[in-house]
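Working notes, structure below.
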Amino acid sequence: MKRYNHTTIEKKWQKEWSKKKVYRTEDSSTKKKQYVLDMFPYPSGAGLHVGHPKGYIGSDVYARMKRMQGFNVLHPMGYDAFGLPAEQYALQHNIHPRKAVLENVKTFERQLSIIGLSYDWDRKVNTTDPEYYQWTQWIFLKIYGSWYDTTKDKAQPIESLVKKFEKEGNKNINAVCEENTPHFTAAEWKSKSQKEKQDVLMKYRLAYEGYAEVNWCPELGTVLANDEVVDGPDGKPVSERGGYPVEKKQMRQWFMRITAYADRLISGLDTIDWPENIKEIQRNWIGKSEGAEIKFQISNLKFKNSLGEVAVFTTRADTLFGATYVVLAPEHPLVEKLSDHIENISEVLEYKILVQKKDAESRTDATKEKTGVELKGVSVQNPVNGEKIPVYIADYVLASYGTGAVMAVPAHDERDFEFAQKYKLPVKHVVIPSIIDTMFPPVEGQEYVDRHTIHALVKNPKTGLYLCLKWKQFPWTTLVVGGVDEGEDPVDAARREVQEETGYKNLKFVRTLGGVVKAQYNAAHKKQNRVAFTTGVVFELENEEREHITEEELAKFEVTWLPLSQVKPCAELPEWIDRIDVPEKAYLPYGTVHDSGEFTGMTSEDAKKAITQKVGGKIVTKYKMRNAIFARQRYWGEPIPLSTDKDGLIQEVEEKKLPLTLPNVASYQPTGTGESPLASVSSWTKKGYETNTMPGWAGSSWYFLRYMDPKNKKGIASKKALSYWGQVDMYVGGAEHATGHLLYSRFWNKFLKDIGLAKFDEPFKRLRNQGMIQGTDGRKMSKRWGNVVNPDDVVKTYGADTLRVYEMFMGPFEAGLPWSTENIIGSRRFIERVWRLGEKVTSKKLTPEENVYQNTLHKTIQKVTDDIVSFSYNTAVSAMMIALNEMEKSEKVYKSDMELFLKILHPFAPHVTEELWKELGNKTSLVKESWPKADPKKMRDAEITIAVQINGKVRGEVKIQPENTETEVLEKVYIMPEIQKWLTGQEVRKVIFVKNRLINIVI
RNA sequence: GGGCGAGUGGCGUAAUUGGUAAACGCGCCAGUCUUAGGAACUGGUGGGGAAACCCGUGGGAGUUCAAGUCUCCCCUCGCCCACCA
């Protein structure tokens, strides 16, 4: 046998495969299809490190098996080359981005080509190719030309909206649009000017122009999406790319109304097989919350005249009785509207400016202290009880979420509580925990009696112990407890009780422990169920001076001091123990509504609905997710195919004139002023073209559809191709795209489904994330740490097959693991041993005695097949190593058994298996061979070994026939000396027999 | 602070989903063959113990004939979100 020379073998087969186009995808086929896709890369200038191909190898293994299983497999690759990374690279190296991209693509392809990936390169796409971005522009125009109909729950052409306006105005149209869009009648619509109509439609379009506070990155000279901004080392926001500072700025922008799809983006997650954490990240990002919008009347304090109303958004309408003030975002329009009535208007405006300045740095810091200013001279009325409460503006309320105003309930909201503490605002508890005593639960049929009680927690500061009563008639010890008389203050009641029962009279009041606690128990001696509403009152003992105690009290209990943890029989106690040593805080859980008029006693859930209804509140759904900014002030992106004429009217570039190609410019440096470099190209501005370009995610939001029919000149892809390929069956890529690409492409796909192009609502049926390969030092692989391992070197030393096997064998596919220069040797040895196994091949059929590996081989076929489907590649490789170990033990290996083994190894190590396949005399290529099926007869074991346990401990092993019964096994077990040893003189109490697994004798 | 996830030999990891913990690989030890071995092959390799046996999946409790796996509490680490009312 020849020596295994990976270089010659791999080069030879790569050339052969490419020449014969063995990976060519059939355009139309009667075969079942399988679409296996990698997230296409930014062709960065740095070249690949060994971590990059991990995902590509994973999907390649999958695609290769599917191909062998007879599927028509679409497994393409392409380049996402617009956007910041490519442009930054070009700027740094002072070459034109177009040229840089071409160069980088070349490097990339050379590096990929040596790994033996089975792409159909004829379907390559590149987002910067005018023939590609023509369709990105085309889709943009479709989105621009659409509105969202919430009745049909899909996008509709804008013309249909115009027709509705002409017929009935906009009042009764169920559409997603800008908040506070004024109503108009059909007649009013018709009387509007072109420009006015344009402005109205802009509030409805799914791609629209607007002004917004955006993340402005001066260094990069562009606006960034929220997910492109990360926290820097000092906690300040910086750009994900480059780590440059990011500030807030008001700017004219193009947006995508992704919020119209928020609900579908959430519900669709239940229909796809994605990693649960990615789904969860998307759900959180979209941040759906259902609540109520409740209006508070505003009035002038001095003149008592009404000043209109303010709407707040809350998810806790059950706490409305606990609202003790209202907070507006500093930017709330009411601040200006009410300015004539605000007595301290200059202070308010000063604060507003301060906040906006601070804004630029970090307003999103949840840990910093809250600030705010009261709007003096005005107040609002709580709609549920008519109470007048003050109004504040504060930086902890965001203008961009909900209504930009909140009702503050310090007792039940952490942020409100913190603010209330600082500004000495009242805290009103209206939701209380409800406890049912486990020792003396209420008895059915007995009368319920309400009682108001106190628990006095009297601490002796010298000892840290608490004052307790040891009951003489009952076997328990309690704190001082007692009833609160009608109209009595709980603190006074507690003082009184302590004095009456223990004589201590000099108590320093510390605090009450939050709100009351409701506890239900049975008072056996009175045959009563009691509902106690208890206040915990904390005192410190000032001195030991005591009053006289009555005989009656003395007979009842004895005074004692105990640590709190030793006081037991009392339902409310767990609540007090939780509260006693921590500072007072808001009570967040749901519970029983308290001190809330007619709603008192309801559960939070019921009270929410009832209170909202009572005050005429509107049930609404809000989302954290904002509409996506769809513009970059940069050169290297798709031009937005719109122009503005001299009347200020926006014109679409005609479909047949697409692509609107990016002009060549002398300088593509960002201007730094917020204007795109295109703004200084006179040929461009002369025609009134939009100077912003599309963001990086535009081209990547639909590329998976283009691969289906990449050269189509009439559309994004033919109807036939779109319908044959449908959706991506298996999508592989990094988890870092969870809130970017994976959300935007779902959005675009849903839109394209709405307009009848995409076939499915969800573009990616299955998704798997490859874990990142770290440097040998465990850090992220990067030039900075000098820990980059280049795949070229690995391929040169060990070969592509070894690299592939090792990357799949390292550990679970999704796990991030450090590269190991030592462990890879194991994979190389495996390949070499496979190579040497070739020497044992015989074309003479083996007798059952000779064929010792038969059983293992067929089990392995089954396991590898299952493992590839579930992406458990590490155990698939392990199974093949076990099979190889068995086959090596055999004197000879039957040729067709060797072929079976080569077939299942082929997706992992395509080159060496192809070479050995040919060595066996085959004229065909393994690539197109059929995937083997495990023979169930051959998988069956002749004999199996099971564990014999005594009382659950393994004391021996026994060989049995499969399917042996308990009796049959016991017969064998009882004569085993090592088992008899344990059984002599013992009575067998029980035998547990698990078929084909173990037998456990309990003595 | 909130959400999600993970802790198993010297190392990467595996465990049929409650059934012989450590498969497979790396490393290490011994041997074979070699002029040599940082090659290859064969065997061994969780800890303690002379042995019988005992201990062992971050720590503690519990359920069970049986727990890495289930339940509760605690500790540590990773990722995501972070004033979203």
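Labels used: A, B, ... for chains in the order of the structure tokens, numbers from 1 for residues in each chain, and numbers from 1 for ligands as shown.
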Pick out the chain A residues within 8 Å of chain B. Count only C-alpha atoms (C1' of nucleotides). Give them as a PyMOL selection string. chain A and resi 277+280-281+284-285+287+313-315+364-366+396-398+401-402+406-407+415+623-624+810-811+822-823+826-827+875+878-879+881-882+946-947+951-952+954+990-992+994+997-998+1000-1002
Could you please write out, as a PyMOL selection string, every residue of stretch 80-311 of chain A that DSSP assigns to alpha helix (DSSP H)? chain A and resi 84-93+97-113+130-144+158-168+186-191+194-202+262-267+276-286
When you look at B:G44 with a cut-off of 12 Å (counting only C-alpha atoms (C1' of nucleotides)), what residues show up, excluding the ones that are within fewer than 3 positions of it in the same chain? I need them as a PyMOL selection string. chain B and resi 28-31
Residues at most 9 Å from A:Leu37, counting only C-alpha atoms (C1' of nucleotides), excluding those fewer than 6 positions away in the same chain, as a list of chain:residue names?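 The neighbour list is A:Tyr56, A:Ser59, A:Ala63, A:Leu74, A:His75, A:Pro76, A:Met77, A:Phe704, A:Val728, A:Asp729, A:Met730, A:Tyr731, A:Val732, A:Gly733.
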Next, write the just-selected residues to a file, as a compact mmCIF listing (two decimals), in the first residue's frame, keeping N, CA and C atoms as the atom set.
```txt
# COMPACT_ATOMS: atom_id res chain seq x y z
N TYR A 56 -19.12 25.82 8.32
CA TYR A 56 -19.20 25.38 6.92
C TYR A 56 -19.00 23.87 6.84
N SER A 59 -22.26 22.11 8.06
CA SER A 59 -23.34 22.08 7.08
C SER A 59 -22.94 21.22 5.89
N ALA A 63 -25.03 18.34 4.23
CA ALA A 63 -25.40 18.39 2.81
C ALA A 63 -24.93 17.14 2.07
N LEU A 74 -29.41 21.90 -2.43
CA LEU A 74 -28.94 23.25 -2.73
C LEU A 74 -28.02 23.67 -1.59
N HIS A 75 -26.74 23.77 -1.91
CA HIS A 75 -25.76 24.11 -0.88
C HIS A 75 -24.80 25.16 -1.45
N PRO A 76 -25.19 26.42 -1.38
CA PRO A 76 -24.44 27.48 -2.04
C PRO A 76 -23.58 28.31 -1.09
N MET A 77 -22.80 29.18 -1.66
CA MET A 77 -21.98 30.11 -0.88
C MET A 77 -21.92 31.44 -1.64
N PHE A 704 -30.93 34.33 0.61
CA PHE A 704 -31.27 32.91 0.57
C PHE A 704 -32.30 32.61 -0.52
N VAL A 728 -35.40 27.40 3.60
CA VAL A 728 -34.12 26.78 3.93
C VAL A 728 -34.40 25.67 4.95
N ASP A 729 -33.95 24.46 4.63
CA ASP A 729 -34.21 23.34 5.54
C ASP A 729 -33.25 23.35 6.72
N MET A 730 -32.01 23.72 6.44
CA MET A 730 -31.02 23.73 7.52
C MET A 730 -30.13 24.94 7.36
N TYR A 731 -30.12 25.80 8.38
CA TYR A 731 -29.34 27.03 8.31
C TYR A 731 -28.30 26.98 9.41
N VAL A 732 -27.05 27.25 9.04
CA VAL A 732 -25.97 27.13 10.01
C VAL A 732 -25.20 28.44 10.08
N GLY A 733 -24.99 28.93 11.27
CA GLY A 733 -24.23 30.17 11.42
C GLY A 733 -24.07 30.54 12.88
```
For each of B:G38, B:G18, B:G49, B:C33, take the minimum atom-to-atom distance to B:U64, counting only C-alpha atoms (C1' of nucleotides), then give the residue where this is smallest. B:G18
Name the closest residue to A:Phe908 among the candidates A:Gly734, A:Pro442, A:Gly617, A:Gly116; distances are taken between atoms, counting only C-alpha atoms.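 Ranking A:Gly734, A:Pro442, A:Gly617, A:Gly116 by distance to A:Phe908, first place goes to A:Gly116.
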Quick one: pull the distance between atom CA of A:Gly688 and atom CA of A:Ser676, Å, one decimal.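 Going from atom CA of A:Gly688 over to atom CA of A:Ser676 covers 13.7 Å.
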Long-range neighbours of B:U32 as a list of chain:residue names, 12 Å cut-off, only C-alpha atoms (C1' of nucleotides), 4 positions minimum in chain: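 Skipping anything fewer than 4 positions along the chain leaves B:A40, B:C41, B:U42, B:G43.
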DSSP on the backbone, then: every residue of stretch 500-590 of chain A marked strand (DSSP E), written as a compact mmCIF listing (two decimals) with all heavy atoms, in the first residue's frame.
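The file below, result.txt, is the result:
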```
# COMPACT_ATOMS: atom_id res chain seq x y z
N LEU A 507 -39.92 51.92 74.05
CA LEU A 507 -39.62 51.34 72.75
C LEU A 507 -39.36 52.45 71.75
O LEU A 507 -40.06 53.46 71.73
CB LEU A 507 -40.81 50.52 72.24
CG LEU A 507 -41.34 49.43 73.16
CD1 LEU A 507 -42.58 48.80 72.55
CD2 LEU A 507 -40.28 48.38 73.42
N LYS A 508 -38.31 52.24 70.92
CA LYS A 508 -38.04 53.20 69.86
C LYS A 508 -38.60 52.61 68.57
O LYS A 508 -38.22 51.51 68.16
CB LYS A 508 -36.53 53.43 69.74
CG LYS A 508 -36.20 54.61 68.85
CD LYS A 508 -34.73 54.93 68.91
CE LYS A 508 -34.00 54.10 67.86
NZ LYS A 508 -32.56 54.21 67.92
N PHE A 509 -39.51 53.35 67.94
CA PHE A 509 -40.10 52.88 66.68
C PHE A 509 -39.05 52.93 65.58
O PHE A 509 -38.38 53.94 65.40
CB PHE A 509 -41.31 53.75 66.31
CG PHE A 509 -41.82 53.48 64.92
CD1 PHE A 509 -42.44 52.27 64.62
CD2 PHE A 509 -41.69 54.43 63.92
CE1 PHE A 509 -42.92 52.02 63.34
CE2 PHE A 509 -42.16 54.18 62.64
CZ PHE A 509 -42.79 52.97 62.36
N VAL A 510 -38.88 51.84 64.88
CA VAL A 510 -37.91 51.80 63.77
C VAL A 510 -38.63 51.96 62.44
O VAL A 510 -38.41 52.91 61.70
CB VAL A 510 -37.08 50.51 63.80
CG1 VAL A 510 -36.10 50.48 62.64
CG2 VAL A 510 -36.33 50.40 65.12
N ARG A 511 -39.50 51.02 62.13
CA ARG A 511 -40.27 51.12 60.89
C ARG A 511 -41.34 50.04 60.86
O ARG A 511 -41.31 49.10 61.67
CB ARG A 511 -39.36 50.96 59.67
CG ARG A 511 -38.68 49.60 59.61
CD ARG A 511 -37.90 49.49 58.32
NE ARG A 511 -37.06 48.31 58.30
CZ ARG A 511 -37.09 47.39 57.34
NH1 ARG A 511 -37.90 47.51 56.31
NH2 ARG A 511 -36.29 46.35 57.37
N THR A 512 -42.26 50.18 59.93
CA THR A 512 -43.17 49.07 59.70
C THR A 512 -42.60 48.29 58.52
O THR A 512 -41.92 48.84 57.65
CB THR A 512 -44.59 49.56 59.35
OG1 THR A 512 -44.49 50.45 58.25
CG2 THR A 512 -45.23 50.26 60.53
N VAL A 517 -49.80 41.88 55.58
CA VAL A 517 -49.81 40.53 55.04
C VAL A 517 -51.14 39.91 55.42
O VAL A 517 -51.60 40.05 56.55
CB VAL A 517 -48.65 39.70 55.61
CG1 VAL A 517 -48.78 38.24 55.22
CG2 VAL A 517 -47.31 40.25 55.14
N LYS A 518 -51.73 39.24 54.44
CA LYS A 518 -53.01 38.58 54.71
C LYS A 518 -52.74 37.11 55.02
O LYS A 518 -52.02 36.45 54.27
CB LYS A 518 -53.90 38.72 53.48
CG LYS A 518 -55.23 38.01 53.59
CD LYS A 518 -55.99 38.20 52.28
CE LYS A 518 -57.24 37.36 52.22
NZ LYS A 518 -57.88 37.47 50.90
N ALA A 519 -53.29 36.65 56.13
CA ALA A 519 -53.08 35.24 56.47
C ALA A 519 -54.38 34.64 56.93
O ALA A 519 -55.12 35.24 57.70
CB ALA A 519 -52.03 35.12 57.57
N GLN A 520 -54.65 33.44 56.43
CA GLN A 520 -55.88 32.77 56.84
C GLN A 520 -55.54 31.57 57.70
O GLN A 520 -54.64 30.79 57.37
CB GLN A 520 -56.65 32.30 55.60
CG GLN A 520 -57.04 33.45 54.71
CD GLN A 520 -57.77 32.97 53.47
OE1 GLN A 520 -58.75 32.24 53.56
NE2 GLN A 520 -57.27 33.37 52.32
N TYR A 521 -56.22 31.44 58.82
CA TYR A 521 -55.97 30.30 59.70
C TYR A 521 -57.24 29.99 60.46
O TYR A 521 -58.22 30.74 60.43
CB TYR A 521 -54.81 30.61 60.65
CG TYR A 521 -55.05 31.80 61.57
CD1 TYR A 521 -55.56 31.63 62.86
CD2 TYR A 521 -54.75 33.09 61.13
CE1 TYR A 521 -55.77 32.72 63.69
CE2 TYR A 521 -54.95 34.19 61.95
CZ TYR A 521 -55.46 33.99 63.24
OH TYR A 521 -55.68 35.07 64.05
N ASN A 522 -57.21 28.89 61.18
CA ASN A 522 -58.38 28.51 61.95
C ASN A 522 -58.09 28.72 63.43
O ASN A 522 -57.07 28.30 63.95
CB ASN A 522 -58.70 27.04 61.68
CG ASN A 522 -59.97 26.62 62.37
OD1 ASN A 522 -59.92 26.03 63.45
ND2 ASN A 522 -61.11 26.96 61.78
N ALA A 523 -59.00 29.44 64.08
CA ALA A 523 -58.89 29.61 65.53
C ALA A 523 -59.77 28.54 66.16
O ALA A 523 -60.99 28.69 66.26
CB ALA A 523 -59.34 31.01 65.93
N GLN A 528 -63.61 29.26 64.48
CA GLN A 528 -63.67 30.39 63.56
C GLN A 528 -62.51 30.29 62.58
O GLN A 528 -61.41 29.93 62.97
CB GLN A 528 -63.44 31.68 64.35
CG GLN A 528 -64.60 32.57 64.43
CD GLN A 528 -64.32 33.78 65.27
OE1 GLN A 528 -63.17 34.14 65.52
NE2 GLN A 528 -65.39 34.41 65.69
N ASN A 529 -62.78 30.67 61.34
CA ASN A 529 -61.67 30.90 60.43
C ASN A 529 -61.35 32.37 60.50
O ASN A 529 -62.24 33.21 60.41
CB ASN A 529 -62.05 30.52 59.00
CG ASN A 529 -62.21 29.03 58.85
OD1 ASN A 529 -61.49 28.26 59.49
ND2 ASN A 529 -63.18 28.62 58.04
N ARG A 530 -60.08 32.66 60.64
CA ARG A 530 -59.73 34.08 60.72
C ARG A 530 -58.94 34.52 59.51
O ARG A 530 -58.10 33.77 58.99
CB ARG A 530 -58.93 34.33 61.99
CG ARG A 530 -59.84 34.30 63.20
CD ARG A 530 -59.15 34.78 64.41
NE ARG A 530 -60.09 34.78 65.52
CZ ARG A 530 -59.72 34.75 66.77
NH1 ARG A 530 -58.45 34.71 67.09
NH2 ARG A 530 -60.64 34.76 67.72
N VAL A 531 -59.24 35.73 59.09
CA VAL A 531 -58.46 36.34 58.03
C VAL A 531 -57.77 37.52 58.68
O VAL A 531 -58.40 38.53 59.00
CB VAL A 531 -59.36 36.81 56.87
CG1 VAL A 531 -58.50 37.34 55.74
CG2 VAL A 531 -60.24 35.66 56.38
N ALA A 532 -56.48 37.36 58.90
CA ALA A 532 -55.75 38.42 59.62
C ALA A 532 -55.02 39.30 58.62
O ALA A 532 -54.33 38.81 57.72
CB ALA A 532 -54.77 37.79 60.59
N PHE A 533 -55.18 40.60 58.78
CA PHE A 533 -54.40 41.57 58.00
C PHE A 533 -53.39 42.15 58.97
O PHE A 533 -53.75 42.93 59.85
CB PHE A 533 -55.30 42.64 57.42
CG PHE A 533 -56.27 42.09 56.41
CD1 PHE A 533 -57.52 41.63 56.79
CD2 PHE A 533 -55.90 41.98 55.08
CE1 PHE A 533 -58.40 41.11 55.86
CE2 PHE A 533 -56.79 41.47 54.14
CZ PHE A 533 -58.04 41.02 54.53
N THR A 534 -52.16 41.73 58.80
CA THR A 534 -51.17 42.01 59.83
C THR A 534 -50.12 43.00 59.38
O THR A 534 -49.60 42.89 58.27
CB THR A 534 -50.47 40.70 60.23
OG1 THR A 534 -51.47 39.73 60.53
CG2 THR A 534 -49.59 40.90 61.44
N THR A 535 -49.79 43.92 60.28
CA THR A 535 -48.70 44.84 60.04
C THR A 535 -47.54 44.45 60.93
O THR A 535 -47.74 44.19 62.12
CB THR A 535 -49.12 46.28 60.40
OG1 THR A 535 -50.35 46.58 59.74
CG2 THR A 535 -48.06 47.28 59.98
N GLY A 536 -46.36 44.37 60.35
CA GLY A 536 -45.17 44.10 61.15
C GLY A 536 -44.58 45.42 61.61
O GLY A 536 -44.32 46.30 60.80
N VAL A 537 -44.41 45.58 62.94
CA VAL A 537 -43.86 46.84 63.45
C VAL A 537 -42.54 46.53 64.16
O VAL A 537 -42.50 45.69 65.06
CB VAL A 537 -44.84 47.52 64.42
CG1 VAL A 537 -44.31 48.89 64.83
CG2 VAL A 537 -46.22 47.64 63.81
N VAL A 538 -41.50 47.21 63.74
CA VAL A 538 -40.19 46.96 64.32
C VAL A 538 -39.86 48.03 65.36
O VAL A 538 -40.01 49.23 65.09
CB VAL A 538 -39.10 46.95 63.24
CG1 VAL A 538 -37.75 46.60 63.85
CG2 VAL A 538 -39.45 45.96 62.14
N PHE A 539 -39.47 47.59 66.55
CA PHE A 539 -39.02 48.51 67.61
C PHE A 539 -37.64 48.09 68.06
O PHE A 539 -37.22 46.94 67.89
CB PHE A 539 -39.94 48.40 68.84
CG PHE A 539 -41.35 48.87 68.60
CD1 PHE A 539 -42.38 47.94 68.50
CD2 PHE A 539 -41.65 50.22 68.51
CE1 PHE A 539 -43.69 48.35 68.31
CE2 PHE A 539 -42.95 50.63 68.33
CZ PHE A 539 -43.98 49.70 68.22
N GLU A 540 -36.98 49.07 68.68
CA GLU A 540 -35.77 48.72 69.41
C GLU A 540 -36.02 49.04 70.87
O GLU A 540 -36.62 50.08 71.19
CB GLU A 540 -34.57 49.51 68.90
CG GLU A 540 -33.77 48.70 67.92
CD GLU A 540 -32.50 49.39 67.46
OE1 GLU A 540 -32.06 50.33 68.16
OE2 GLU A 540 -31.98 48.98 66.41
N LEU A 541 -35.54 48.17 71.73
CA LEU A 541 -35.73 48.38 73.16
C LEU A 541 -34.75 49.46 73.62
O LEU A 541 -33.55 49.34 73.41
CB LEU A 541 -35.45 47.05 73.88
CG LEU A 541 -35.91 46.93 75.30
CD1 LEU A 541 -37.44 47.03 75.38
CD2 LEU A 541 -35.44 45.60 75.89
N PHE A 557 -48.64 33.80 79.38
CA PHE A 557 -47.31 33.48 78.83
C PHE A 557 -46.16 34.04 79.65
O PHE A 557 -46.34 34.84 80.56
CB PHE A 557 -47.16 33.96 77.39
CG PHE A 557 -48.12 35.04 76.98
CD1 PHE A 557 -48.11 36.28 77.62
CD2 PHE A 557 -49.03 34.79 75.97
CE1 PHE A 557 -48.99 37.27 77.23
CE2 PHE A 557 -49.92 35.80 75.59
CZ PHE A 557 -49.91 37.03 76.22
N GLU A 558 -45.04 33.61 79.21
CA GLU A 558 -43.79 33.93 79.88
C GLU A 558 -42.97 34.69 78.83
O GLU A 558 -42.98 34.34 77.66
CB GLU A 558 -43.13 32.59 80.19
CG GLU A 558 -41.92 32.58 81.05
CD GLU A 558 -41.44 31.12 81.12
OE1 GLU A 558 -42.25 30.25 81.54
OE2 GLU A 558 -40.30 30.87 80.73
N VAL A 559 -42.27 35.74 79.27
CA VAL A 559 -41.49 36.54 78.33
C VAL A 559 -40.13 35.88 78.08
O VAL A 559 -39.50 35.40 79.01
CB VAL A 559 -41.29 37.96 78.88
CG1 VAL A 559 -40.31 38.73 78.01
CG2 VAL A 559 -42.61 38.69 78.96
N THR A 560 -39.75 35.85 76.83
CA THR A 560 -38.44 35.26 76.52
C THR A 560 -37.82 35.98 75.32
O THR A 560 -38.52 36.67 74.58
CB THR A 560 -38.60 33.74 76.25
OG1 THR A 560 -37.36 33.23 75.79
CG2 THR A 560 -39.66 33.45 75.21
N TRP A 561 -36.52 35.86 75.13
CA TRP A 561 -35.84 36.51 74.00
C TRP A 561 -35.21 35.44 73.11
O TRP A 561 -34.50 34.59 73.59
CB TRP A 561 -34.76 37.45 74.52
CG TRP A 561 -35.31 38.63 75.26
CD1 TRP A 561 -35.62 38.67 76.59
CD2 TRP A 561 -35.67 39.89 74.72
NE1 TRP A 561 -36.13 39.89 76.92
CE2 TRP A 561 -36.17 40.69 75.79
CE3 TRP A 561 -35.62 40.46 73.44
CZ2 TRP A 561 -36.61 41.99 75.61
CZ3 TRP A 561 -36.04 41.76 73.28
CH2 TRP A 561 -36.53 42.52 74.35
N LEU A 562 -35.51 35.52 71.86
CA LEU A 562 -35.03 34.50 70.94
C LEU A 562 -34.53 35.11 69.63
O LEU A 562 -34.97 36.19 69.24
CB LEU A 562 -36.18 33.54 70.55
CG LEU A 562 -36.69 32.55 71.58
CD1 LEU A 562 -37.86 31.80 70.99
CD2 LEU A 562 -35.60 31.58 71.98
```
Using only C-alpha atoms, which of the listed residues (A:Phe599, A:Phe140, A:Trp121, A:Tyr208) sits closest to A:Glu655?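 With only C-alpha atoms as the atom set, the closest residue is A:Phe140.
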Among listed residues A:Val788, A:Leu425, A:Ala411, A:Val378, nearest A:Glu309 (using only C-alpha atoms):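 Closest to A:Glu309 of all the choices is A:Val378.
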With only C-alpha atoms (C1' of nucleotides) as the counted atoms, please give the residues lying no more than 8 Å from A:Val893, apart from itself and same-chain residues fewer than 2 positions off, as a short mmCIF file (atom, residue, chain, number, x, y, z; two decimals) with N, CA and C atoms, in the first residue's frame.
```cif
data_model
loop_
_atom_site.label_atom_id
_atom_site.label_comp_id
_atom_site.auth_asym_id
_atom_site.auth_seq_id
_atom_site.Cartn_x
_atom_site.Cartn_y
_atom_site.Cartn_z
N LEU A 837 -6.26 0.36 6.88
CA LEU A 837 -7.25 -0.70 6.90
C LEU A 837 -7.46 -1.26 5.49
N LYS A 840 -6.23 -4.67 4.57
CA LYS A 840 -6.89 -5.88 5.05
C LYS A 840 -8.08 -6.29 4.19
N VAL A 841 -8.36 -5.48 3.16
CA VAL A 841 -9.58 -5.74 2.41
C VAL A 841 -9.44 -7.01 1.56
N THR A 842 -10.48 -7.82 1.60
CA THR A 842 -10.53 -9.02 0.78
C THR A 842 -11.87 -9.06 0.06
N LEU A 846 -16.56 -13.14 4.35
CA LEU A 846 -16.08 -13.72 5.60
C LEU A 846 -17.15 -14.61 6.21
N ASN A 851 -16.04 -12.73 10.85
CA ASN A 851 -16.54 -11.35 10.82
C ASN A 851 -16.94 -10.88 12.22
N MET A 887 -12.86 -3.26 13.44
CA MET A 887 -12.46 -3.81 12.13
C MET A 887 -10.98 -4.13 12.10
N SER A 890 -10.06 -7.55 13.26
CA SER A 890 -10.33 -8.67 12.36
C SER A 890 -9.13 -8.92 11.44
N GLU A 891 -8.95 -10.19 11.15
CA GLU A 891 -7.86 -10.58 10.26
C GLU A 891 -8.02 -9.91 8.88
N LYS A 895 -14.71 -6.60 1.42
CA LYS A 895 -14.70 -5.39 0.58
C LYS A 895 -15.98 -4.57 0.74
N ASP A 897 -17.98 -4.43 3.18
CA ASP A 897 -18.05 -3.82 4.51
C ASP A 897 -17.19 -2.56 4.55
N MET A 898 -16.02 -2.65 3.92
CA MET A 898 -15.15 -1.49 3.84
C MET A 898 -15.87 -0.36 3.10
#
```
Could you give me, as JSON, numbers by chain, the residues within 6 Å of stretch 579-596 of chain A, counting only C-alpha atoms (C1' of nucleotides) and dropping anything in the same chain fewer than 6 positions from it? {"A": [321, 411, 412, 413, 414, 430, 431, 432, 433, 602, 603, 604]}
